[in-house]
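J.: Take a look at this one; I'll ask things after.
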Amino acid sequence: MPATSVPASRTLAAELPGLTGRQVTLHGWLHRTRSLKALDFLVLRDRSGLAQVVVTDPAERALAARLPEESVLEVTGLATASAQAPGGVEVTSPRFTVVSTPEAAPPFDLFRPSVPAGLPTVLDHAPVTLRHPRLRAPHAIAAASIAGFRATLDGLGFTEIHTPKVVDSATESGADVFALDWFGSPAYLAQSPQFFKQTMVGVFERVYETGPVFRAEPHDTARHLAQYTSLDAELGFIADHREVMDVVRQVLAGMTAAVRERAGEACGVLDVALPQVPERIPEIHFAQAQELLAEHTEEDPRGEPDLAPAHERWLSAWALREYGSEFLFVTGYPMAKRPFYTHPEPERPQYSRSFDLLFRGLELITGGQRLHRHEDYLHALAARGESPEPYAGYLAAFRHGMPPHGGFALGLERWTARLTGADNIRLATLFPRDLHRLTP
Ligand code: AMO
């Protein structure tokens, strides 16, 4: 008989070690069945982990033999010490109730330690392949990371905000926007909460947001998504971008600690080596970085307004060699490549008070100081040949008095991919959206 409700007395797999000698009721998915001559081993999977169930009763064995993997079961039995069982305890003398029976099998065995399928199969069948411990683990690490981001910023006096994802103007020059029809008016999916987080500095001084952003960039690469999760922060009353970089350092330390504390099991599944966040993250100015690249690599990037991915990889390896750091700040990017809200270096106005943070060869964070005077915005837009008209809502904040401020954004999926060693960002993304993928 299918059960219709889950009793309050549910035991989780991870709780078994404390319950030896007690009658327990587990609920979960049939992860694996192994049949021996005189008994069957069933492995039940729930949110906390795996539990081994030993079946010897002939009637229960006959029932177990008919159960396909991923059947949803209620199992009542005796928690029994066993040196071979995970956690040293298994369930014996079980009685099964089938809660639901799958209609289809997963595209590969979810119990095998490795994933015997390519990326398209993994992504096409995400509703079930995500149940594989190795494919689920990055998302547990992402959840822990966000918790660490929040906890760090809460501790620094930031307020969490939630801002619109449908907007009336682009925010990030150079990145393409998805256009849509908003009750007959043109609108766009937000490329970042940039304008709102700056505006909210005028209200709370220090704010942060975690949420989806959208980039209509036709990049078919292992590090670009059309929708990703942006971890944004913005703070007022700063002297320059260095104060923002200091907050970045604290956030990275907090995120790393939270992953260690809250996602230890997922880290174990994937053999994650967590980074050391140094007391002072090394930094290099963009102009110096180009000199180094010109001197030590085949190319001469001087005069280019940005770093190529290969340059980022080289600089990251250099920071590891020189400073033993997996993180490197590159500061002072040319104004030509930065959005109009960027604050220039007062002494060398062709460079900006901005930074990227490279982590394990990849750009993980962009940030910097912003303009804060209304007239500076008007000049910056005019210099780029843009009208202030589309930005009226945003510019209003600056007409009413804003302090010097700055902030940053971290791409969550890039962080998780770098931590877990995923060679494609899609393995660190729940249901990725890209050039070719809108489903599942
Ligand atoms: P930027 O556009 O550099 O800056 O984005 C910030 C960070 O977001 C991540 N990222 C992406 N991740 C996956 N797919 C993409 N297509 C993608 N594009 C960007 C990267 C990147 O470092 N408003 C500024 C931030 C600020 O100055 O506060 C901004 O959005 O990890």
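Lettering and numbering for the structure tokens are positional, with chains as A, B, ... in the shown order, residues counted from 1 in each chain, and ligands counted from 1 in the shown order.
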Could you list, as number ranges by chain, all residues that come within 7 Å of ligand 1? Count only C-alpha atoms and all ligand atoms.

T.: A: 172, 191-194, 215, 217, 223-228, 230, 232-233, 356, 363-368, 407-414

J.: From stretch 46-210 of chain A, collect each residue whose DSSP state is helix (DSSP H, G or I) and return the set as a ChimeraX atom specification.

T.: /A:58-65,86-88,119-124,126-129,133-155,194-204

J.: Can you build me a table of stretch 54-159 of chain A residues sitting at most 7 Å from stretch 237-254 of chain A, with the closest atom pair per residue and its distance in Å to one decimal, using only C-alpha atoms, sorted by chain and residue number, as a Markdown table?

T.:
```
| residue | atom | partner | partner_atom | distance |
| --- | --- | --- | --- | --- |
| A:Gly148 | CA | A:Gly254 | CA | 5.1 |
| A:Phe149 | CA | A:Val251 | CA | 5.7 |
| A:Thr152 | CA | A:Gly254 | CA | 5.6 |
```

J.: With DSSP run on the backbone, what are the strand (DSSP E or B) residues within stretch 95-305 of chain A? I'd like them as an MDAnalysis selection string.

T.: chainID A and resid 95:100 159:160 166:167 179:182 185:189 206:214 227:236 283:285

J.: With 10 Å as the cut-off and only C-alpha atoms counted, what is the closest atom pair between each nearby residue of stretch 122-214 of chain A and stretch 101-110 of chain A? Distances in Å to one decimal, ordered by chain and number, as JSON lines.

T.:
```
{"residue": "A:Val122", "atom": "CA", "partner": "A:Pro107", "partner_atom": "CA", "distance": 8.4}
{"residue": "A:Asp124", "atom": "CA", "partner": "A:Pro107", "partner_atom": "CA", "distance": 9.7}
{"residue": "A:His125", "atom": "CA", "partner": "A:Pro107", "partner_atom": "CA", "distance": 7.3}
{"residue": "A:Ala126", "atom": "CA", "partner": "A:Pro106", "partner_atom": "CA", "distance": 9.9}
{"residue": "A:Pro127", "atom": "CA", "partner": "A:Pro106", "partner_atom": "CA", "distance": 9.5}
{"residue": "A:Val128", "atom": "CA", "partner": "A:Pro106", "partner_atom": "CA", "distance": 6.3}
{"residue": "A:Thr129", "atom": "CA", "partner": "A:Pro106", "partner_atom": "CA", "distance": 7.0}
{"residue": "A:Leu130", "atom": "CA", "partner": "A:Leu110", "partner_atom": "CA", "distance": 9.2}
{"residue": "A:Arg131", "atom": "CA", "partner": "A:Leu110", "partner_atom": "CA", "distance": 7.2}
{"residue": "A:His132", "atom": "CA", "partner": "A:Leu110", "partner_atom": "CA", "distance": 5.0}
{"residue": "A:Pro133", "atom": "CA", "partner": "A:Leu110", "partner_atom": "CA", "distance": 7.8}
{"residue": "A:Arg134", "atom": "CA", "partner": "A:Leu110", "partner_atom": "CA", "distance": 9.3}
{"residue": "A:Leu135", "atom": "CA", "partner": "A:Leu110", "partner_atom": "CA", "distance": 9.7}
```

J.: For the residues in the current selection, export N, CA and C atoms as a PDB file, in the first residue's frame.

T.:
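Contents of out_16.pdb, freshly written:
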```pdb
ATOM      1  N   VAL A 122      24.266  14.574 -18.920  1.00  0.00           N
ATOM      2  CA  VAL A 122      24.097  15.054 -17.542  1.00  0.00           C
ATOM      3  C   VAL A 122      23.081  16.197 -17.508  1.00  0.00           C
ATOM      4  N   ASP A 124      20.845  17.194 -19.968  1.00  0.00           N
ATOM      5  CA  ASP A 124      19.521  16.855 -20.517  1.00  0.00           C
ATOM      6  C   ASP A 124      18.655  16.152 -19.476  1.00  0.00           C
ATOM      7  N   HIS A 125      19.299  15.374 -18.614  1.00  0.00           N
ATOM      8  CA  HIS A 125      18.550  14.581 -17.630  1.00  0.00           C
ATOM      9  C   HIS A 125      18.723  15.144 -16.220  1.00  0.00           C
ATOM     10  N   ALA A 126      18.970  16.455 -16.129  1.00  0.00           N
ATOM     11  CA  ALA A 126      19.303  17.073 -14.834  1.00  0.00           C
ATOM     12  C   ALA A 126      18.335  16.719 -13.698  1.00  0.00           C
ATOM     13  N   PRO A 127      17.010  16.625 -13.944  1.00  0.00           N
ATOM     14  CA  PRO A 127      16.136  16.334 -12.798  1.00  0.00           C
ATOM     15  C   PRO A 127      16.523  15.062 -12.052  1.00  0.00           C
ATOM     16  N   VAL A 128      17.111  14.104 -12.753  1.00  0.00           N
ATOM     17  CA  VAL A 128      17.528  12.895 -12.030  1.00  0.00           C
ATOM     18  C   VAL A 128      19.047  12.819 -11.872  1.00  0.00           C
ATOM     19  N   THR A 129      19.824  13.309 -12.867  1.00  0.00           N
ATOM     20  CA  THR A 129      21.286  13.180 -12.722  1.00  0.00           C
ATOM     21  C   THR A 129      21.818  14.023 -11.559  1.00  0.00           C
ATOM     22  N   LEU A 130      21.114  15.105 -11.226  1.00  0.00           N
ATOM     23  CA  LEU A 130      21.540  15.931 -10.084  1.00  0.00           C
ATOM     24  C   LEU A 130      21.502  15.159  -8.764  1.00  0.00           C
ATOM     25  N   ARG A 131      20.814  14.016  -8.769  1.00  0.00           N
ATOM     26  CA  ARG A 131      20.775  13.206  -7.539  1.00  0.00           C
ATOM     27  C   ARG A 131      22.088  12.454  -7.317  1.00  0.00           C
ATOM     28  N   HIS A 132      22.923  12.350  -8.356  1.00  0.00           N
ATOM     29  CA  HIS A 132      24.212  11.679  -8.175  1.00  0.00           C
ATOM     30  C   HIS A 132      25.048  12.490  -7.179  1.00  0.00           C
ATOM     31  N   PRO A 133      25.626  11.831  -6.176  1.00  0.00           N
ATOM     32  CA  PRO A 133      26.356  12.608  -5.148  1.00  0.00           C
ATOM     33  C   PRO A 133      27.400  13.561  -5.729  1.00  0.00           C
ATOM     34  N   ARG A 134      28.064  13.188  -6.791  1.00  0.00           N
ATOM     35  CA  ARG A 134      29.083  14.081  -7.364  1.00  0.00           C
ATOM     36  C   ARG A 134      28.461  15.268  -8.097  1.00  0.00           C
ATOM     37  N   LEU A 135      27.268  15.082  -8.624  1.00  0.00           N
ATOM     38  CA  LEU A 135      26.642  16.172  -9.380  1.00  0.00           C
ATOM     39  C   LEU A 135      25.844  17.102  -8.467  1.00  0.00           C
TER      40      LEU A 135
END
```

J.: Calculated over only C-alpha atoms, which of the candidates A:Phe96, A:Tyr391, A:Tyr341, A:Phe111 has the smallest distance to A:His31?

T.: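 Result for the nearest residue to A:His31: A:Phe111.
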
J.: Could you check which of A:Val43, A:Leu63, A:Met402, A:Ala287 is closest to A:Gly202, using only C-alpha atoms?

T.: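 Closest candidate: A:Met402.
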
J.: Quick one: everything within 8 Å of stretch 260-270 of chain A, counting only C-alpha atoms, minus sequence neighbours fewer than 3 positions away in the same chain. Send it as a list of chain:residue names.

T.: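 The neighbour list is A:Pro133, A:Arg134, A:Ala137, A:Pro138, A:Ala140, A:Ile141, A:Ala144, A:Thr256, A:Ala257, A:Ala273, A:Leu274, A:Thr420.
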
J.: Name all residues at most 7 Å from stretch 205-211 of chain A (count only C-alpha atoms; drop same-chain ones fewer than 3 positions away) and give them as a PyMOL selection string.

T.: chain A and resi 157-162+197+200-202+229-236

J.: Please determine, counting only C-alpha atoms, which residue among A:Ala428, A:Lys165, A:Gly385, A:Ile284 has the shortest atom-to-atom distance to A:Thr416.

T.: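 So, comparing all the options, the nearest one is A:Ala428.
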
J.: For A:Ser93, list every protein, DNA or RNA residue within 7 Å, evaluated using only C-alpha atoms, and leave out those in the same chain fewer than 4 positions away; present the list as a VMD selection string.

T.: chain A and resid 55 77 to 78

J.: Give me, as an MDAnalysis selection string, all polymer residues having an atom no more than 6 Å from A:Ala216, counting only C-alpha atoms and skipping those fewer than 4 positions away in the same chain.

T.: chainID A and resid 176:178 226

J.: A:Val75, A:Ala222, A:Leu328, A:Leu435: which is nearest A:Phe359, counting only C-alpha atoms?

T.: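 For A:Phe359, the nearest of the candidates is A:Leu328.
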